[in-house]
Amino acid sequence: MLNTLYIKNYALIDEIEIGFSRGLTILSGETGAGKSIIVGALGLLMGEKARISEVRSGEELCIVEGRLTPPEGHTVYGLLKARGIPVDQNEGIIVRRIVSRKDGGSKSFINSIQVTMKDLHDVMSALVDIHGQHEHQSLLVVKNHLGLLDRYGKLSEELEDFKNTYGRMEEIRKQIEDTRMDESEKLRRIDLLRYSINEIESASLEEGEDTALEDEYEVLKNYEKIFEAISKAYHYLKEGENSSVDLLDKAVLELGLVSEYSDVIKRALSELENAKLIIDEISYELKNYIESIEYEPGKIDRILGRLEQIKLLKKKYGKTIGEIKNYLENCKKELEEIELSDEILEKLQREYGEVVKEVCKKAAQLSARRRVAARMLEDRISEELKYIGMPKARFKVDIRYRETEEGLCEIDGKKYEVGPDGLDRVEFLFSANEGEPLLPLRNIASGGELSRVMLAVKSVLGEIDPITTFIFDEIDAGIGGRVSWAVGKRLKELSKIKQVICITHQAQIASRGELNIKVEKITRDGRSITRVKVLDEKEKTEEIARMISGEKITEAAKAQADQMIREAEKI
C-alpha cells in the first residue's frame, strides 16, 4: 500500500506530507483547491513526463516522494532484484522524483538507487493504478488483459502445462537450427575437423612429454659441464688418492680401536659408518646417471624439433597437452555428429512435428477455457456497470487468433500463429451507449466515465489483480444521487481487499471514507498555497455537509451528512 506521499515545491504546493490508510481514503475540497495537483504529483512517481512549469514559482527543485509497503511475495520484489535494487520487506520501498527548473531534467530514485524512467514506471505500475485521465493505467495496457482473464478463469495450471509443452517445442526447434547447415558449410567443417584430428593424432602426444623434453634438452646442452663436474666429484669421493671413502675408512679404523671406552666415540663411529654408506650410494648414483645420458650427434636437434611441433600444436589447439587432447575428443565428437546430422535432423523433425501437434491441441483447449471465462467476465462486469449507473454500457472480452501463412496451428483450413501464451490475443472493449461500436478502453474519452468502467472491472477482478493501490480521480463526474451512492458502496467494498484513494465532490462517496482528507487553498505571504488536513469525525461531518449544501453549511445538511456516515458504516 501507499503509506505516505511527500510533495515539495510542486505547483501550488510548498510542502505537504499525506498519510494514507489501508482502506478507503477520501480526498475532497472545493474546486481549484489542488486535488488534481496531488494526483499530478503522484503521476510523477508513476513515470509521467516532468515539466518545468510544475516546479513552484521561485523555487529550483520540486521533490515528490512516496513510501510503499508491498505485501510479502509480491511480484515487485522480483522487479527490484532484477534491477539490483536492495529492499527490506519490513522497511518497504521509497520512491523519489526530483525535477529541476534549471535544465528541465529530472532524476528518479528507488531506495536511494538512481533508476531510469522506465524502471520507475515498471516498478510503480506493478503497485499503483491511477484511474482518470492517465495513460499509465494498467487496464489500458492491452498486454495485461490476457493475464487478468487467465487469473479470473483460474487457468494457471492449464497455462503452465501449455507453457511447458511450448518450451519443449522451442528447444527442439533450436536444436534443429543448430543441426541444420548448408552443404558447402558442412563440407568445409568436415575438412577442417579431419585435418585437426589427423594433425593431433599423428603427433602421438603424451602427457608431460613437453616437460621431459625440456629437461632433457637442458642436460644435453650442458653435457660437457655436467660430465666434467660429475667425473671430478666421483674422483674426490671414491677413486682418487686420499678420496673421501679412503679417509673415512682410516677414521673408522682409528675410532674402532678406542670406541669401547666412550659412548661419544661409539656414536661418532656409527655416524661415520653411515656417512661412508651415503657417500658410496651417492657415488654409485652419479656414475649411473652419467652413463645413462645418451649423448649422440643430432639428438639436440631432434628434441628442439619435437618441442617446436608441440609448441605449434599448443598455439592452435590448447595451452597444454591435456587441452590439446580434449580438443581432439571434441573434434571427433563434432565430426561424428555432423556425419550423422542427417539422421539426427530427421529424428528431431519427427519429434518437432509431434510436439507441434501437442502444442496446438493444448492451445485450442486453453482457448476454449478462456472463451468460457470471457463470457462469465463480461456478464459480471456488465452487471457492475448497470449497478453504477451505466445500464446501456457494453463490455466485451475480444479474443482473436492471428492468421499467418507461417502459422503452426491449422484450424478449419487456416493457419494461426501460436506464442508462449497460446493462440489468443485478448483485448477488453467497451461501448458506453446503445448503438455505439465497441472500442478499446483507451478510446474512452471521458475521465469520469473511464474511472467508473475501471471501478466496475476492478470490483470484479480486484482479488486477482496484483496491483495493491487504486486511485480514482473524476469518478463522480456527471453522476449524482443513487448512482453516486452505488459508486461509493463499490469503492468501500473494493477497499476491503485493496487500498483505495478517491478524489470526489460527492457527499454520497465521501461519506464512505475511513480516512477523510480535505484539500484547501489558502493565501500566505501574498501567495496561494495548497495544504491538506486530516479530518476528525466532526470535521468530516462538516465537510460532507458542505458538499450537500454548498458554502453555507446548514443544520439540515449536517444532519443529512451524519445520517450518510452512519449508513455508510453499516457496510
# chains A, B, ... in the order shown; residues from 1 in each chain; ligands from 1
$ residues_around --residues "Glu158 of chain A" --least-positions-apart "4" --cutoff "10 Å" --atoms "only C-alpha atoms" --output "mmCIF file with C-alpha atoms, in the first residue's frame"
data_model
loop_
_atom_site.group_PDB
_atom_site.id
_atom_site.type_symbol
_atom_site.label_atom_id
_atom_site.label_comp_id
_atom_site.auth_asym_id
_atom_site.auth_seq_id
_atom_site.Cartn_x
_atom_site.Cartn_y
_atom_site.Cartn_z
ATOM 1 C CA ASP A 150 -6.441 -16.198 -17.079
ATOM 2 C CA LYS A 154 -8.348 -19.798 -12.670
ATOM 3 C CA PHE A 162 0.852 -25.332 -22.128
ATOM 4 C CA LYS A 163 3.963 -23.235 -21.461
ATOM 5 C CA LYS A 362 -3.345 -27.701 -25.732
ATOM 6 C CA ALA A 363 -3.543 -24.158 -27.150
ATOM 7 C CA GLN A 365 -8.131 -26.379 -25.189
ATOM 8 C CA LEU A 366 -6.760 -23.364 -23.305
ATOM 9 C CA ARG A 369 -11.478 -22.359 -21.436
#
$ residues_around --residues "Ile52 of chain A" --least-positions-apart "3" --cutoff "6 Å" --atoms "only C-alpha atoms" --output "tab-separated table (two decimals) with N, CA and C atoms, in the first residue's frame"
chain	number	residue	atom	x	y	z
A	55	VAL	N	7.26	23.07	-11.46
A	55	VAL	CA	8.09	23.48	-10.33
A	55	VAL	C	7.55	24.81	-9.79
A	101	ARG	N	14.29	23.04	-12.19
A	101	ARG	CA	13.86	24.14	-13.04
A	101	ARG	C	14.99	24.56	-13.99
A	104	GLY	N	15.25	21.60	-16.67
A	104	GLY	CA	14.03	20.88	-17.01
A	104	GLY	C	14.15	19.38	-16.88
$ select_by_dssp --residues "segment 370-513 of chain A" --states "helix (DSSP H, G or I)" --output "PyMOL selection string"
chain A and resi 370-387+441-443+447-461+481-494+507-510
$ write_last_selection --atoms "C-alpha atoms" --output "CSV table (one decimal), in the first residue's frame"
chain,number,residue,atom,x,y,z
A,370,ARG,CA,-10.6,-18.7,-21.9
A,371,ARG,CA,-13.7,-18.1,-24.0
A,372,VAL,CA,-15.9,-19.6,-21.3
A,373,ALA,CA,-14.2,-17.4,-18.7
A,374,ALA,CA,-14.5,-14.4,-21.0
A,375,ARG,CA,-18.3,-14.8,-21.2
A,376,MET,CA,-18.6,-15.0,-17.5
A,377,LEU,CA,-16.3,-12.0,-17.0
A,378,GLU,CA,-18.4,-10.0,-19.5
A,379,ASP,CA,-21.6,-10.8,-17.6
A,380,ARG,CA,-20.1,-9.9,-14.2
A,381,ILE,CA,-18.7,-6.6,-15.4
A,382,SER,CA,-22.0,-5.7,-17.3
A,383,GLU,CA,-23.9,-6.2,-14.0
A,384,GLU,CA,-21.4,-3.9,-12.3
A,385,LEU,CA,-21.8,-1.2,-15.0
A,386,LYS,CA,-25.6,-1.3,-14.6
A,387,TYR,CA,-25.2,-1.0,-10.8
A,441,LEU,CA,-10.7,1.0,-23.3
A,442,ARG,CA,-8.1,3.6,-24.2
A,443,ASN,CA,-10.6,5.2,-26.6
A,447,GLY,CA,-12.2,10.7,-17.4
A,448,GLY,CA,-15.2,10.1,-15.1
A,449,GLU,CA,-16.7,7.5,-17.5
A,450,LEU,CA,-13.3,5.7,-17.7
A,451,SER,CA,-12.9,5.8,-13.9
A,452,ARG,CA,-16.4,4.2,-13.5
A,453,VAL,CA,-15.6,1.5,-16.1
A,454,MET,CA,-12.3,0.8,-14.2
A,455,LEU,CA,-14.2,0.6,-10.9
A,456,ALA,CA,-16.6,-2.0,-12.4
A,457,VAL,CA,-13.7,-4.0,-13.7
A,458,LYS,CA,-11.7,-3.7,-10.5
A,459,SER,CA,-14.7,-4.7,-8.5
A,460,VAL,CA,-14.8,-8.0,-10.4
A,461,LEU,CA,-11.1,-8.5,-10.8
A,481,GLY,CA,-27.9,10.7,-6.3
A,482,ARG,CA,-28.4,7.0,-6.4
A,483,VAL,CA,-25.5,6.3,-8.8
A,484,SER,CA,-23.1,8.2,-6.5
A,485,TRP,CA,-24.4,6.1,-3.6
A,486,ALA,CA,-23.8,2.9,-5.6
A,487,VAL,CA,-20.3,4.0,-6.7
A,488,GLY,CA,-19.5,4.8,-3.1
A,489,LYS,CA,-20.6,1.4,-2.0
A,490,ARG,CA,-18.5,-0.3,-4.6
A,491,LEU,CA,-15.5,1.8,-3.6
A,492,LYS,CA,-16.0,0.8,0.0
A,493,GLU,CA,-16.3,-2.9,-0.9
A,494,LEU,CA,-13.2,-2.8,-3.0
A,507,ALA,CA,-21.2,13.5,-0.4
A,508,GLN,CA,-22.5,10.0,-1.1
A,509,ILE,CA,-19.0,8.9,-1.9
A,510,ALA,CA,-17.1,10.9,0.7
$ residues_around --residues "segment 422-437 of chain A" --least-positions-apart "6" --cutoff "6 Å" --atoms "only C-alpha atoms" --output "number ranges by chain"
A: 142, 145-146, 363, 392-401
$ residues_around --residues "Gln560 of chain A" --least-positions-apart "6" --cutoff "9 Å" --atoms "only C-alpha atoms" --output "ChimeraX atom specification"
/A:544-545,548
$ closest_residue --among "A:Lys357, A:Lys533, A:Arg546, A:Arg402" --to "His505 of chain A" --atoms "only C-alpha atoms"
A:Arg546
$ atom_distance --atom1 "atom CA of Asn9 of chain A" --atom2 "atom CA of Gly43 of chain A"
15.1 Å
$ residues_around --residues "Val532 of chain A" --least-positions-apart "5" --cutoff "7 Å" --atoms "only C-alpha atoms" --output "compact mmCIF listing (two decimals) with C-alpha atoms, in the first residue's frame"
# COMPACT_ATOMS: atom_id res chain seq x y z
CA ILE A 517 -8.56 14.39 3.96
CA LYS A 518 -9.52 17.91 3.00
CA VAL A 519 -7.53 19.79 0.38
CA GLU A 520 -7.60 23.57 0.79
$ select_by_dssp --residues "segment 372-467 of chain A" --states "strand (DSSP E or B)" --output "ChimeraX atom specification"
/A:394-400,403,409-411,414-416,419,422,425-431,439-440
$ closest_residue --among "A:Met390, A:Val245, A:Leu27, A:Leu237" --to "Arg512 of chain A" --atoms "only C-alpha atoms"
A:Leu27
$ closest_atom_pairs --of "segment 326-354 of chain A" --to "segment 299-319 of chain A" --cutoff "12 Å" --atoms "only C-alpha atoms" --output "tab-separated table"
residue	atom	partner	partner_atom	distance
A:Asn326	CA	A:Gly318	CA	8.6
A:Tyr327	CA	A:Tyr317	CA	6.4
A:Leu328	CA	A:Tyr317	CA	8.4
A:Glu329	CA	A:Tyr317	CA	11.5
A:Asn330	CA	A:Tyr317	CA	11.0
A:Cys331	CA	A:Tyr317	CA	10.6
$ atom_distance --atom1 "atom CA of Cys502 of chain A" --atom2 "atom CA of Leu5 of chain A"
14.7 Å
$ closest_residue --among "A:Phe20, A:Glu542, A:Thr25, A:Val359" --to "Glu514 of chain A" --atoms "only C-alpha atoms"
A:Thr25
$ atom_distance --atom1 "atom CA of Thr75 of chain A" --atom2 "atom CA of Glu417 of chain A"
28.9 Å
$ closest_residue --among "A:Gln89, A:Glu567, A:Asp191, A:Lys35" --to "Gly73 of chain A" --atoms "only C-alpha atoms"
A:Gln89
$ decode --residues "segment 489-502 of chain A" --atoms "all heavy atoms" --output "mmCIF file, in the first residue's frame"
data_model
loop_
_atom_site.group_PDB
_atom_site.id
_atom_site.type_symbol
_atom_site.label_atom_id
_atom_site.label_comp_id
_atom_site.auth_asym_id
_atom_site.auth_seq_id
_atom_site.Cartn_x
_atom_site.Cartn_y
_atom_site.Cartn_z
ATOM 1 N N LYS A 489 -20.553 2.730 -2.582
ATOM 2 C CA LYS A 489 -20.630 1.394 -1.992
ATOM 3 C C LYS A 489 -19.591 0.472 -2.600
ATOM 4 O O LYS A 489 -18.931 -0.295 -1.893
ATOM 5 C CB LYS A 489 -22.041 0.819 -2.200
ATOM 6 C CG LYS A 489 -22.238 -0.552 -1.561
ATOM 7 C CD LYS A 489 -23.664 -1.051 -1.754
ATOM 8 C CE LYS A 489 -23.833 -2.430 -1.109
ATOM 9 N NZ LYS A 489 -25.198 -2.967 -1.319
ATOM 10 N N ARG A 490 -19.452 0.533 -3.941
ATOM 11 C CA ARG A 490 -18.475 -0.336 -4.603
ATOM 12 C C ARG A 490 -17.041 0.046 -4.189
ATOM 13 O O ARG A 490 -16.192 -0.826 -4.006
ATOM 14 C CB ARG A 490 -18.621 -0.251 -6.111
ATOM 15 C CG ARG A 490 -19.801 -1.044 -6.643
ATOM 16 C CD ARG A 490 -19.570 -2.543 -6.387
ATOM 17 N NE ARG A 490 -20.637 -3.352 -6.958
ATOM 18 C CZ ARG A 490 -21.669 -3.838 -6.274
ATOM 19 N NH1 ARG A 490 -21.763 -3.573 -4.970
ATOM 20 N NH2 ARG A 490 -22.588 -4.569 -6.856
ATOM 21 N N LEU A 491 -16.787 1.334 -4.059
ATOM 22 C CA LEU A 491 -15.456 1.753 -3.619
ATOM 23 C C LEU A 491 -15.162 1.207 -2.221
ATOM 24 O O LEU A 491 -14.052 0.726 -1.947
ATOM 25 C CB LEU A 491 -15.356 3.279 -3.617
ATOM 26 C CG LEU A 491 -15.269 3.959 -4.992
ATOM 27 C CD1 LEU A 491 -15.460 5.460 -4.834
ATOM 28 C CD2 LEU A 491 -13.921 3.679 -5.650
ATOM 29 N N LYS A 492 -16.147 1.259 -1.343
ATOM 30 C CA LYS A 492 -15.961 0.766 0.026
ATOM 31 C C LYS A 492 -15.731 -0.743 0.027
ATOM 32 O O LYS A 492 -14.851 -1.256 0.748
ATOM 33 C CB LYS A 492 -17.192 1.117 0.860
ATOM 34 C CG LYS A 492 -17.075 0.755 2.334
ATOM 35 C CD LYS A 492 -15.971 1.563 3.014
ATOM 36 C CE LYS A 492 -15.919 1.288 4.518
ATOM 37 N NZ LYS A 492 -17.074 1.854 5.229
ATOM 38 N N GLU A 493 -16.482 -1.463 -0.784
ATOM 39 C CA GLU A 493 -16.316 -2.914 -0.852
ATOM 40 C C GLU A 493 -14.950 -3.281 -1.431
ATOM 41 O O GLU A 493 -14.285 -4.211 -0.959
ATOM 42 C CB GLU A 493 -17.433 -3.528 -1.701
ATOM 43 C CG GLU A 493 -18.792 -3.481 -1.023
ATOM 44 C CD GLU A 493 -19.927 -3.893 -1.944
ATOM 45 O OE1 GLU A 493 -19.686 -3.951 -3.175
ATOM 46 O OE2 GLU A 493 -21.025 -4.156 -1.432
ATOM 47 N N LEU A 494 -14.520 -2.526 -2.457
ATOM 48 C CA LEU A 494 -13.204 -2.780 -3.049
ATOM 49 C C LEU A 494 -12.091 -2.498 -2.053
ATOM 50 O O LEU A 494 -11.069 -3.190 -2.031
ATOM 51 C CB LEU A 494 -13.030 -1.920 -4.304
ATOM 52 C CG LEU A 494 -11.721 -2.087 -5.089
ATOM 53 C CD1 LEU A 494 -11.538 -3.519 -5.574
ATOM 54 C CD2 LEU A 494 -11.693 -1.122 -6.276
ATOM 55 N N SER A 495 -12.311 -1.526 -1.175
ATOM 56 C CA SER A 495 -11.271 -1.144 -0.212
ATOM 57 C C SER A 495 -11.051 -2.210 0.859
ATOM 58 O O SER A 495 -10.084 -2.121 1.625
ATOM 59 C CB SER A 495 -11.625 0.193 0.448
ATOM 60 O OG SER A 495 -12.701 0.045 1.356
ATOM 61 N N LYS A 496 -11.915 -3.207 0.923
ATOM 62 C CA LYS A 496 -11.718 -4.296 1.881
ATOM 63 C C LYS A 496 -10.594 -5.232 1.447
ATOM 64 O O LYS A 496 -10.023 -5.953 2.265
ATOM 65 C CB LYS A 496 -13.020 -5.077 2.065
ATOM 66 C CG LYS A 496 -14.124 -4.267 2.738
ATOM 67 C CD LYS A 496 -15.416 -5.060 2.835
ATOM 68 C CE LYS A 496 -16.529 -4.223 3.484
ATOM 69 N NZ LYS A 496 -17.814 -4.965 3.552
ATOM 70 N N ILE A 497 -10.292 -5.228 0.139
ATOM 71 C CA ILE A 497 -9.234 -6.110 -0.366
ATOM 72 C C ILE A 497 -8.068 -5.330 -0.976
ATOM 73 O O ILE A 497 -6.989 -5.885 -1.180
ATOM 74 C CB ILE A 497 -9.779 -7.108 -1.411
ATOM 75 C CG1 ILE A 497 -10.481 -6.373 -2.554
ATOM 76 C CG2 ILE A 497 -10.716 -8.102 -0.766
ATOM 77 C CD1 ILE A 497 -10.909 -7.267 -3.695
ATOM 78 N N LYS A 498 -8.286 -4.038 -1.255
ATOM 79 C CA LYS A 498 -7.235 -3.200 -1.826
ATOM 80 C C LYS A 498 -7.240 -1.851 -1.125
ATOM 81 O O LYS A 498 -8.246 -1.438 -0.544
ATOM 82 C CB LYS A 498 -7.471 -2.969 -3.330
ATOM 83 C CG LYS A 498 -7.494 -4.243 -4.175
ATOM 84 C CD LYS A 498 -6.121 -4.864 -4.325
ATOM 85 C CE LYS A 498 -6.179 -6.089 -5.223
ATOM 86 N NZ LYS A 498 -4.848 -6.720 -5.404
ATOM 87 N N GLN A 499 -6.123 -1.164 -1.219
ATOM 88 C CA GLN A 499 -6.100 0.227 -0.759
ATOM 89 C C GLN A 499 -6.734 1.088 -1.848
ATOM 90 O O GLN A 499 -6.360 0.996 -3.015
ATOM 91 C CB GLN A 499 -4.669 0.697 -0.504
ATOM 92 C CG GLN A 499 -4.608 2.130 0.008
ATOM 93 C CD GLN A 499 -3.182 2.657 0.071
ATOM 94 O OE1 GLN A 499 -2.349 2.318 -0.763
ATOM 95 N NE2 GLN A 499 -2.894 3.484 1.070
ATOM 96 N N VAL A 500 -7.710 1.900 -1.482
ATOM 97 C CA VAL A 500 -8.415 2.743 -2.446
ATOM 98 C C VAL A 500 -8.314 4.196 -1.996
ATOM 99 O O VAL A 500 -8.601 4.528 -0.840
ATOM 100 C CB VAL A 500 -9.896 2.338 -2.592
ATOM 101 C CG1 VAL A 500 -10.604 3.268 -3.573
ATOM 102 C CG2 VAL A 500 -10.016 0.891 -3.060
ATOM 103 N N ILE A 501 -7.889 5.061 -2.901
ATOM 104 C CA ILE A 501 -7.832 6.504 -2.661
ATOM 105 C C ILE A 501 -8.713 7.159 -3.717
ATOM 106 O O ILE A 501 -8.543 6.929 -4.911
ATOM 107 C CB ILE A 501 -6.388 7.031 -2.767
ATOM 108 C CG1 ILE A 501 -5.500 6.320 -1.729
ATOM 109 C CG2 ILE A 501 -6.343 8.543 -2.574
ATOM 110 C CD1 ILE A 501 -4.021 6.574 -1.913
ATOM 111 N N CYS A 502 -9.679 7.947 -3.273
ATOM 112 C CA CYS A 502 -10.657 8.528 -4.204
ATOM 113 C C CYS A 502 -10.757 10.035 -4.004
ATOM 114 O O CYS A 502 -10.901 10.507 -2.876
ATOM 115 C CB CYS A 502 -12.021 7.875 -4.004
ATOM 116 S SG CYS A 502 -13.290 8.508 -5.109
#
